[in-house]
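Listing of structure_20.txt; format and content: compact mmCIF, C-alpha atoms and all ligand atoms.
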```
# COMPACT_ATOMS: atom_id res chain seq x y z
CA MET H 88 -37.78 14.03 49.52
CA ALA H 89 -34.12 13.37 50.19
CA ASN H 90 -34.85 10.83 52.93
CA ASP H 91 -32.06 12.26 55.09
CA GLY H 92 -29.49 10.78 52.77
CA ALA H 93 -30.97 7.26 52.84
CA ARG H 94 -30.70 5.39 49.60
CA GLU H 95 -33.92 4.47 47.83
CA VAL H 96 -34.23 1.82 45.10
CA LEU H 97 -37.39 1.81 43.00
CA ALA H 98 -38.80 -0.35 40.22
CA ILE H 99 -40.99 1.58 37.81
CA ARG H 100 -43.36 -0.59 35.78
CA PHE H 101 -44.01 1.15 32.49
CA GLY H 102 -45.43 -1.57 30.23
CA THR H 103 -46.82 -5.08 30.03
CA ARG H 104 -47.73 -7.87 27.66
CA THR H 105 -49.51 -11.21 27.77
CA THR H 106 -47.31 -13.99 26.43
CA THR H 107 -47.09 -17.75 26.88
CA ARG H 108 -44.93 -20.05 28.94
CA ALA H 109 -43.77 -21.80 25.77
CA GLU H 110 -42.47 -18.50 24.40
CA SER H 111 -40.81 -17.58 27.67
CA PHE H 112 -38.89 -20.68 28.77
CA LEU H 113 -36.24 -22.30 26.60
CA ASN H 114 -37.35 -25.59 25.02
CA TYR H 115 -40.49 -25.62 27.12
CA HIS H 116 -41.51 -29.03 25.72
CA LEU H 117 -38.79 -30.58 27.91
CA TYR H 118 -40.95 -29.97 30.99
CA ASN H 119 -44.00 -31.92 29.74
CA GLU H 120 -46.43 -29.31 30.97
CA PRO H 121 -49.33 -27.69 29.15
CA ASP H 122 -48.71 -24.22 27.80
CA ALA H 123 -50.44 -21.31 29.50
CA LYS H 124 -50.65 -17.56 29.24
CA ILE H 125 -48.41 -15.46 31.48
CA GLU H 126 -47.93 -11.76 32.02
CA ILE H 127 -44.57 -10.14 31.42
CA ASP H 128 -43.96 -6.68 32.87
CA TYR H 129 -41.48 -4.05 31.74
CA PHE H 130 -39.51 -2.03 34.26
CA PHE H 131 -36.73 0.43 34.65
CA TRP H 132 -35.09 1.10 38.01
CA VAL H 133 -34.04 4.18 39.97
CA ILE H 134 -31.38 4.46 42.66
CA ARG H 135 -31.66 7.72 44.55
CA ASP H 136 -29.49 8.94 47.40
CA ALA H 137 -27.86 12.08 48.70
CA SER H 138 -25.35 12.06 45.86
CA GLY H 139 -27.97 12.03 43.12
CA THR H 140 -30.05 9.80 40.86
CA THR H 141 -28.85 6.82 38.86
CA LEU H 142 -31.10 5.15 36.31
CA ILE H 143 -30.77 1.45 35.65
CA ASP H 144 -31.91 1.09 32.03
CA THR H 145 -34.36 3.39 30.29
CA GLY H 146 -37.17 1.09 29.14
CA PHE H 147 -38.34 0.94 25.56
CA ALA H 148 -39.10 3.84 23.25
CA PRO H 149 -42.81 4.48 22.63
CA ALA H 150 -42.50 3.90 18.87
CA ALA H 151 -40.66 0.62 19.37
CA GLY H 152 -43.23 -0.51 21.92
CA ASP H 153 -46.08 0.32 19.56
CA ARG H 154 -44.40 -1.45 16.64
CA ARG H 155 -43.82 -4.54 18.79
CA ARG H 156 -47.37 -4.38 20.21
CA ARG H 157 -46.50 -3.90 23.85
CA ALA H 158 -48.78 -1.94 26.14
CA TRP H 159 -46.98 1.00 27.77
CA TRP H 160 -47.95 4.15 29.64
CA THR H 161 -44.86 6.14 30.52
CA THR H 162 -41.19 6.81 29.82
CA PRO H 163 -38.44 7.77 32.29
CA ALA H 164 -38.63 11.50 31.51
CA GLN H 165 -42.40 11.43 32.16
CA ALA H 166 -42.22 9.19 35.24
CA LEU H 167 -39.34 10.77 37.16
CA PRO H 168 -41.09 14.09 37.93
CA THR H 169 -43.95 12.13 39.58
CA LEU H 170 -41.27 10.85 41.96
CA GLY H 171 -39.96 14.32 42.63
CA ILE H 172 -36.93 13.81 40.41
CA ASP H 173 -35.90 16.34 37.79
CA PRO H 174 -34.71 14.29 34.79
CA ALA H 175 -31.93 16.83 34.28
CA THR H 176 -30.38 15.68 37.58
CA VAL H 177 -29.81 12.10 36.34
CA SER H 178 -26.04 11.93 36.17
CA THR H 179 -25.52 8.24 35.40
CA ILE H 180 -27.39 5.58 33.43
CA VAL H 181 -26.38 1.94 33.70
CA VAL H 182 -27.34 -0.03 30.59
CA THR H 183 -27.56 -3.60 31.90
CA HIS H 184 -27.68 -4.91 28.32
CA ALA H 185 -28.50 -3.52 24.91
CA HIS H 186 -31.88 -5.12 24.19
CA TRP H 187 -34.53 -2.75 22.84
CA ASP H 188 -36.65 -2.77 26.00
CA HIS H 189 -33.71 -1.44 28.05
CA THR H 190 -32.09 1.13 25.71
CA GLY H 191 -35.05 3.20 24.55
CA ASN H 192 -35.26 6.82 25.70
CA LEU H 193 -31.52 7.29 26.32
CA HIS H 194 -31.83 10.51 24.33
CA GLN H 195 -33.98 11.91 27.17
CA PHE H 196 -30.78 12.25 29.22
CA PRO H 197 -28.24 13.90 26.91
CA HIS H 198 -25.87 14.85 29.73
CA ALA H 199 -25.81 11.55 31.62
CA LYS H 200 -22.79 9.32 31.67
CA ILE H 201 -23.67 5.83 30.35
CA VAL H 202 -22.11 2.72 31.89
CA ILE H 203 -22.24 -0.59 29.99
CA SER H 204 -19.99 -3.62 29.87
CA ALA H 205 -17.31 -3.65 27.19
CA ALA H 206 -18.43 -7.15 26.17
CA GLU H 207 -21.96 -5.87 25.58
CA TYR H 208 -20.88 -2.81 23.62
CA ASP H 209 -18.38 -4.76 21.55
CA PHE H 210 -20.93 -7.43 20.70
CA TRP H 211 -23.71 -5.08 19.58
CA THR H 212 -21.34 -3.03 17.46
CA SER H 213 -19.96 -6.16 15.77
CA PRO H 214 -21.28 -7.83 12.58
CA ILE H 215 -22.65 -10.92 14.36
CA ALA H 216 -25.22 -8.73 16.13
CA GLY H 217 -26.84 -8.23 12.73
CA ARG H 218 -27.87 -11.89 12.50
CA THR H 219 -31.60 -12.38 12.91
CA GLN H 220 -31.62 -14.16 16.27
CA PHE H 221 -29.74 -11.24 17.83
CA ALA H 222 -30.96 -8.33 15.71
CA ALA H 223 -34.59 -9.06 16.59
CA HIS H 224 -33.91 -7.86 20.13
CA ALA H 225 -32.16 -4.57 19.43
CA GLU H 226 -33.07 -1.24 17.85
CA PRO H 227 -30.41 -0.07 15.37
CA ASP H 228 -30.96 3.60 16.22
CA GLU H 229 -30.35 2.87 19.88
CA ILE H 230 -27.15 0.94 19.17
CA GLY H 231 -26.20 3.93 17.02
CA TYR H 232 -26.88 6.19 19.99
CA LEU H 233 -24.47 4.14 22.09
CA ARG H 234 -21.84 4.36 19.34
CA ALA H 235 -22.23 8.14 19.21
CA ALA H 236 -22.06 8.37 23.00
CA ASN H 237 -18.83 6.38 22.89
CA GLN H 238 -17.38 8.82 20.37
CA GLU H 239 -18.40 11.67 22.67
CA ASP H 240 -16.63 9.98 25.61
CA ARG H 241 -19.94 9.56 27.46
CA LEU H 242 -19.59 5.78 27.73
CA THR H 243 -17.82 3.99 30.54
CA LEU H 244 -17.01 0.45 29.41
CA ILE H 245 -16.51 -1.94 32.30
CA LYS H 246 -15.23 -5.50 32.68
CA GLY H 247 -15.98 -8.00 35.43
CA GLN H 248 -16.99 -6.15 38.58
CA HIS H 249 -17.15 -2.38 38.89
CA THR H 250 -17.89 -0.13 41.86
CA LEU H 251 -20.20 2.56 40.53
CA ALA H 252 -20.38 4.35 43.89
CA SER H 253 -19.97 3.29 47.48
CA GLY H 254 -22.48 0.45 47.96
CA ILE H 255 -23.40 0.13 44.27
CA GLU H 256 -21.65 -2.73 42.47
CA LEU H 257 -22.07 -3.70 38.83
CA ILE H 258 -21.36 -7.37 38.13
CA GLU H 259 -20.97 -8.74 34.61
CA VAL H 260 -22.66 -12.14 34.33
CA GLY H 261 -23.33 -12.60 30.60
CA GLY H 262 -25.62 -15.47 29.56
CA HIS H 263 -28.77 -13.71 28.38
CA THR H 264 -26.55 -11.35 26.36
CA PRO H 265 -22.76 -11.40 26.02
CA GLY H 266 -22.19 -8.69 28.64
CA GLN H 267 -25.34 -8.71 30.77
CA LEU H 268 -24.87 -6.81 34.04
CA ILE H 269 -26.57 -7.17 37.39
CA VAL H 270 -26.55 -4.40 40.02
CA SER H 271 -26.10 -4.90 43.75
CA VAL H 272 -27.23 -1.95 45.88
CA ILE H 273 -26.73 -1.58 49.62
CA THR H 274 -29.58 0.29 51.33
CA ALA H 275 -30.42 1.02 54.95
CA THR H 276 -32.56 -2.14 55.14
CA GLY H 277 -30.39 -4.59 53.23
CA THR H 278 -28.97 -5.37 49.82
CA VAL H 279 -31.10 -5.15 46.69
CA VAL H 280 -29.88 -7.22 43.73
CA LEU H 281 -31.30 -5.88 40.49
CA ALA H 282 -31.01 -8.89 38.22
CA SER H 283 -32.39 -7.14 35.15
CA ASP H 284 -32.61 -9.77 32.42
CA ALA H 285 -30.12 -12.16 34.00
CA LEU H 286 -33.44 -13.23 35.59
CA HIS H 287 -36.69 -12.36 33.78
CA PHE H 288 -38.95 -14.50 36.00
CA TYR H 289 -38.25 -15.83 39.51
CA GLU H 290 -39.22 -19.26 38.20
CA GLU H 291 -35.93 -19.37 36.26
CA VAL H 292 -33.92 -19.71 39.47
CA GLU H 293 -36.62 -21.32 41.59
CA ARG H 294 -37.28 -24.13 39.11
CA ASP H 295 -33.99 -23.92 37.17
CA ARG H 296 -35.67 -23.09 33.87
CA PRO H 297 -33.68 -20.88 31.51
CA PHE H 298 -35.36 -18.03 29.67
CA ALA H 299 -36.00 -18.50 25.96
CA ILE H 300 -33.73 -15.71 24.71
CA VAL H 301 -30.13 -16.61 25.45
CA ALA H 302 -26.73 -15.83 23.95
CA ASP H 303 -24.80 -18.37 26.05
CA LEU H 304 -26.71 -21.07 27.92
CA PRO H 305 -23.90 -22.22 30.26
CA GLY H 306 -23.37 -18.53 31.05
CA MET H 307 -27.06 -18.12 31.82
CA TYR H 308 -26.98 -21.06 34.23
CA ARG H 309 -23.85 -19.64 35.88
CA ALA H 310 -25.60 -16.28 36.20
CA TYR H 311 -28.47 -18.02 38.01
CA ASP H 312 -25.88 -19.50 40.38
CA VAL H 313 -24.38 -16.06 41.00
CA LEU H 314 -27.83 -14.63 41.74
CA THR H 315 -28.78 -17.54 44.00
CA GLY H 316 -25.50 -17.13 45.89
CA LEU H 317 -26.10 -13.42 46.38
CA ALA H 318 -29.72 -14.00 47.44
CA SER H 319 -28.59 -16.50 50.10
CA GLN H 320 -26.77 -13.71 51.95
CA PRO H 321 -28.57 -12.18 54.94
CA ASP H 322 -31.00 -9.34 54.21
CA THR H 323 -30.49 -9.62 50.48
CA TRP H 324 -33.38 -9.49 48.00
CA LEU H 325 -33.44 -10.52 44.41
CA VAL H 326 -35.38 -8.37 41.95
CA ALA H 327 -36.32 -10.14 38.72
CA GLY H 328 -36.28 -8.06 35.55
CA HIS H 329 -39.72 -8.75 34.07
CA ASP H 330 -41.71 -10.63 36.71
CA PRO H 331 -45.09 -9.25 37.87
CA LEU H 332 -44.27 -10.90 41.23
CA VAL H 333 -41.86 -8.02 41.92
CA ARG H 334 -44.89 -5.93 42.79
CA THR H 335 -46.14 -8.42 45.37
CA ARG H 336 -42.78 -9.44 46.82
CA PHE H 337 -41.99 -5.79 47.56
CA GLY H 338 -44.16 -2.96 48.81
CA PRO H 339 -45.65 -0.23 46.66
CA ARG H 340 -44.32 3.25 47.07
CA GLN H 341 -47.08 5.25 48.62
CA ALA H 342 -49.45 7.14 46.32
CA VAL H 343 -47.57 6.48 43.10
CA SER H 344 -49.03 3.60 41.11
CA ASP H 345 -46.72 1.17 39.33
CA VAL H 346 -43.76 2.18 41.48
CA THR H 347 -42.41 -0.50 43.80
CA ASP H 348 -40.13 0.28 46.74
CA LEU H 349 -37.40 -2.35 46.56
CA GLY H 350 -36.16 -1.42 50.02
CA ALA H 351 -39.46 -2.78 51.40
CA PRO H 352 -39.58 -6.56 50.82
CA ASN H 353 -42.83 -8.27 51.76
CA THR H 354 -41.28 -11.73 51.98
CA LEU H 355 -38.38 -13.27 53.95
ZN ZN H 401 -35.81 -7.06 28.99
```

Do you think you could lay out the structure here as structure tokens?
Amino acid sequence: MANDGAREVLAIRFGTRTTTRAESFLNYHLYNEPDAKIEIDYFFWVIRDASGTTLIDTGFAPAAGDRRRRAWWTTPAQALPTLGIDPATVSTIVVTHAHWDHTGNLHQFPHAKIVISAAEYDFWTSPIAGRTQFAAHAEPDEIGYLRAANQEDRLTLIKGQHTLASGIELIEVGGHTPGQLIVSVITATGTVVLASDALHFYEEVERDRPFAIVADLPGMYRAYDVLTGLASQPDTWLVAGHDPLVRTRFGPRQAVSDVTDLGAPNTL
């Protein structure tokens, strides 16, 4: 199971929804194309190596998913044992941003250290986050959980770029949310860039089409440039945060459905 100390990066698909292109891309009418249905997938990510297990986000809570009419079938605490991981061994959780579909289930890991950008934490604990266009994308109880974790000294608030461990870099890009993070992970086969929601769909960078939910549009475009720059490096693979294409651009992990091995790119 330990892979002789090799580092493994996995995407776990835990939910899905059918939406439309017009709801997904900002000001879709600008492109003069007919609307169409598209699938949006929900993931959380696991980095596992000899030093332990790090979770990147924790998906959405079942009750929040039901209320918002998303299909879902697992949570991190249910999914990790199927990968041979005891949830109690998760020492660190990176919260890439504080939207509801990334902060659910944090309570499943009461002993984990939580890493989030200071800009993200400060924003969501400020009054402006209560305005409808922002509040629609967060769960108050989960922001409350982050506040409590901060009071318990379980939060690490980072700025700019932060080395989480050797070969694991957190990079603050903003745009989608005020302190959106991406995660760059060096593995034996190359570098995996977990874009989370700095890139929902590959089409955003491949056709330069911003996502519909955005705190800072120039920041979102700059984040696309950061991601494109990283992806142009040798043996470096970009992992979009909500794109069903993740499962075809990378190989499945054997025998476990809905788990994609991000160290096994099918393209490039
Ligand atoms: Zn999301």

Which is closer to Thr105 in chain H than all the others in H:Gly254, H:Gly338, H:Gln195, H:Pro331, using all atoms listed in the file?
H:Pro331

Of the residues H:Phe130, H:Trp211, H:Phe101, H:Tyr118, which is the one nearest to ligand ZN 401 (chain H), using all atoms listed in the file?
H:Phe130

Within 12 Å of Phe221 in chain H using only C-alpha atoms, minus same-chain residues under 3 positions, as an mmCIF file with C-alpha atoms, keeping the file's coordinate frame:
```
data_model
loop_
_atom_site.group_PDB
_atom_site.id
_atom_site.type_symbol
_atom_site.label_atom_id
_atom_site.label_comp_id
_atom_site.auth_asym_id
_atom_site.auth_seq_id
_atom_site.Cartn_x
_atom_site.Cartn_y
_atom_site.Cartn_z
ATOM 1 C CA ALA H 185 -28.500 -3.520 24.910
ATOM 2 C CA HIS H 186 -31.880 -5.120 24.190
ATOM 3 C CA TRP H 187 -34.530 -2.750 22.840
ATOM 4 C CA PHE H 210 -20.930 -7.430 20.700
ATOM 5 C CA TRP H 211 -23.710 -5.080 19.580
ATOM 6 C CA THR H 212 -21.340 -3.030 17.460
ATOM 7 C CA SER H 213 -19.960 -6.160 15.770
ATOM 8 C CA PRO H 214 -21.280 -7.830 12.580
ATOM 9 C CA ILE H 215 -22.650 -10.920 14.360
ATOM 10 C CA ALA H 216 -25.220 -8.730 16.130
ATOM 11 C CA GLY H 217 -26.840 -8.230 12.730
ATOM 12 C CA ARG H 218 -27.870 -11.890 12.500
ATOM 13 C CA HIS H 224 -33.910 -7.860 20.130
ATOM 14 C CA ALA H 225 -32.160 -4.570 19.430
ATOM 15 C CA GLU H 226 -33.070 -1.240 17.850
ATOM 16 C CA PRO H 227 -30.410 -0.070 15.370
ATOM 17 C CA HIS H 263 -28.770 -13.710 28.380
ATOM 18 C CA THR H 264 -26.550 -11.350 26.360
ATOM 19 C CA PRO H 265 -22.760 -11.400 26.020
ATOM 20 C CA ILE H 300 -33.730 -15.710 24.710
ATOM 21 C CA VAL H 301 -30.130 -16.610 25.450
ATOM 22 C CA ALA H 302 -26.730 -15.830 23.950
ATOM 23 C CA ASP H 303 -24.800 -18.370 26.050
#
```

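What separates CA of Thr161 in chain H from CA of Glu256 in chain H is a distance of 27.6 Å.
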
Figure out the distance between CA of Trp160 in chain H and CA of Gly266 in chain H, please, to one decimal in Å.
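CA of Trp160 in chain H lies at a distance of 28.8 Å from CA of Gly266 in chain H.
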
All residues within 9 Å of ligand ZN 401 (chain H) are required, counting all atoms listed in the file; please report them as JSON, numbers by chain.
{"H": [129, 130, 146, 184, 186, 187, 188, 189, 283, 284, 287, 328, 329]}

Using only C-alpha atoms, the best pick from H:Val270, H:Glu290, H:Thr219, H:Ala123 as closest to Val182 in chain H would be H:Val270

Could you pull the residues within 10 Å of Gly277 in chain H, counting only C-alpha atoms, minus those fewer than 6 positions along the same chain, as a ChimeraX atom specification?
/H:320-324,349-352

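Minimum atom-to-atom distances from H:Ala318, H:Ala252, H:Val272, H:Ile245 to Val292 in chain H were compared using only C-alpha atoms, and the lowest value belongs to H:Ala318.
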
When distances are computed from all atoms listed in the file, which of H:Ala222, H:Ala164, H:Ile258, H:Ala148 shows the smallest separation from Thr183 in chain H?
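Looking at the shortest contact to Thr183 in chain H, the residue is H:Ile258.
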
I'd like the interatomic distance between CA of Arg157 in chain H and CA of Arg104 in chain H, to a tenth of an Å.
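Rounded to one decimal, the two atoms are 5.6 Å apart.
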
Pull the neighbourhood of (-24.2, 0.0, 44.0) for me: all residues within 10 Å in file coordinates, counting only C-alpha atoms, as a VMD selection string.
chain H and resid 134 141 249 to 258 270 to 274 278 to 281

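The point (-22.8, 1.4, 31.6) has these residues within 8 Å of it, counting all atoms listed in the file: Ile180, Val181, Val182, Thr183, Lys200, Ile201, Val202, Ile203, Ser204, Leu242, Thr243, Leu244 and Ile245 of chain H.
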
Keeping only C-alpha atoms, write those residues as a PDB file, keeping the file's coordinate frame.
```
ATOM      1  CA  ILE H 180     -27.390   5.580  33.430  1.00  0.00           C
ATOM      2  CA  VAL H 181     -26.380   1.940  33.700  1.00  0.00           C
ATOM      3  CA  VAL H 182     -27.340  -0.030  30.590  1.00  0.00           C
ATOM      4  CA  THR H 183     -27.560  -3.600  31.900  1.00  0.00           C
ATOM      5  CA  LYS H 200     -22.790   9.320  31.670  1.00  0.00           C
ATOM      6  CA  ILE H 201     -23.670   5.830  30.350  1.00  0.00           C
ATOM      7  CA  VAL H 202     -22.110   2.720  31.890  1.00  0.00           C
ATOM      8  CA  ILE H 203     -22.240  -0.590  29.990  1.00  0.00           C
ATOM      9  CA  SER H 204     -19.990  -3.620  29.870  1.00  0.00           C
ATOM     10  CA  LEU H 242     -19.590   5.780  27.730  1.00  0.00           C
ATOM     11  CA  THR H 243     -17.820   3.990  30.540  1.00  0.00           C
ATOM     12  CA  LEU H 244     -17.010   0.450  29.410  1.00  0.00           C
ATOM     13  CA  ILE H 245     -16.510  -1.940  32.300  1.00  0.00           C
TER      14      ILE H 245
END
```

For Val346 in chain H: contacts at 10 Å, only C-alpha atoms, fewer than 6 positions along chain excluded, given as a PyMOL selection string
chain H and resi 97-101+130-132+166+170+334+338-340

From the list H:Thr190, H:Asn114, H:Thr162, H:Thr107, which residue is nearest Ala299 in chain H when using all atoms listed in the file?
H:Asn114

Please provide the set of residues having any atom within 8 Å of Thr140 in chain H, restricted to only C-alpha atoms, with same-chain residues fewer than 4 positions apart removed, written as a VMD selection string.
chain H and resid 133 to 136 172 176 to 179

So that all listed atoms of range 137-153 of chain H fit with 6 Å spare on each side, what axis-aligned box centre and edge lengths in Å, to one decimal, would you give as lines of an AutoDock Vina configuration file?
```
center_x = -35.7
center_y = 5.8
center_z = 33.8
size_x = 32.7
size_y = 24.6
size_z = 41.8
```

If we count all atoms listed in the file and set the cut-off at 8 Å, which residues sit around Gly306 in chain H, ignoring sequence neighbours fewer than 3 positions away in its own chain? Please answer as a compact mmCIF listing (two decimals) with C-alpha atoms, in the frame of the given file.
```txt
# COMPACT_ATOMS: atom_id res chain seq x y z
CA VAL H 260 -22.66 -12.14 34.33
CA GLY H 261 -23.33 -12.60 30.60
CA GLY H 262 -25.62 -15.47 29.56
CA HIS H 263 -28.77 -13.71 28.38
CA ASP H 303 -24.80 -18.37 26.05
CA ARG H 309 -23.85 -19.64 35.88
CA ALA H 310 -25.60 -16.28 36.20
```

As a tab-separated table (two decimals), in the frame of the given file, the rebuilt range 285-297 of chain H with N, CA and C atoms:
```
chain	number	residue	atom	x	y	z
H	285	ALA	N	-30.77	-10.92	33.57
H	285	ALA	CA	-30.12	-12.16	34.00
H	285	ALA	C	-31.18	-13.07	34.63
H	286	LEU	N	-32.32	-12.48	35.00
H	286	LEU	CA	-33.44	-13.23	35.59
H	286	LEU	C	-34.73	-12.50	35.20
H	287	HIS	N	-35.42	-12.99	34.16
H	287	HIS	CA	-36.69	-12.36	33.78
H	287	HIS	C	-37.77	-12.68	34.81
H	288	PHE	N	-37.92	-14.00	35.08
H	288	PHE	CA	-38.95	-14.50	36.00
H	288	PHE	C	-38.28	-15.24	37.16
H	289	TYR	N	-38.82	-15.10	38.36
H	289	TYR	CA	-38.25	-15.83	39.51
H	289	TYR	C	-38.20	-17.34	39.26
H	290	GLU	N	-39.16	-17.83	38.48
H	290	GLU	CA	-39.22	-19.26	38.20
H	290	GLU	C	-37.92	-19.78	37.58
H	291	GLU	N	-37.19	-18.91	36.89
H	291	GLU	CA	-35.93	-19.37	36.26
H	291	GLU	C	-34.96	-19.90	37.31
H	292	VAL	N	-34.82	-19.20	38.42
H	292	VAL	CA	-33.92	-19.71	39.47
H	292	VAL	C	-34.64	-20.69	40.41
H	293	GLU	N	-35.92	-20.47	40.62
H	293	GLU	CA	-36.62	-21.32	41.59
H	293	GLU	C	-36.93	-22.70	41.04
H	294	ARG	N	-37.04	-22.82	39.71
H	294	ARG	CA	-37.28	-24.13	39.11
H	294	ARG	C	-36.19	-24.49	38.10
H	295	ASP	N	-35.14	-23.69	38.05
H	295	ASP	CA	-33.99	-23.92	37.17
H	295	ASP	C	-34.41	-24.06	35.70
H	296	ARG	N	-35.16	-23.08	35.23
H	296	ARG	CA	-35.67	-23.09	33.87
H	296	ARG	C	-35.17	-21.86	33.12
H	297	PRO	N	-34.22	-22.04	32.23
H	297	PRO	CA	-33.68	-20.88	31.51
H	297	PRO	C	-34.72	-20.15	30.66
```
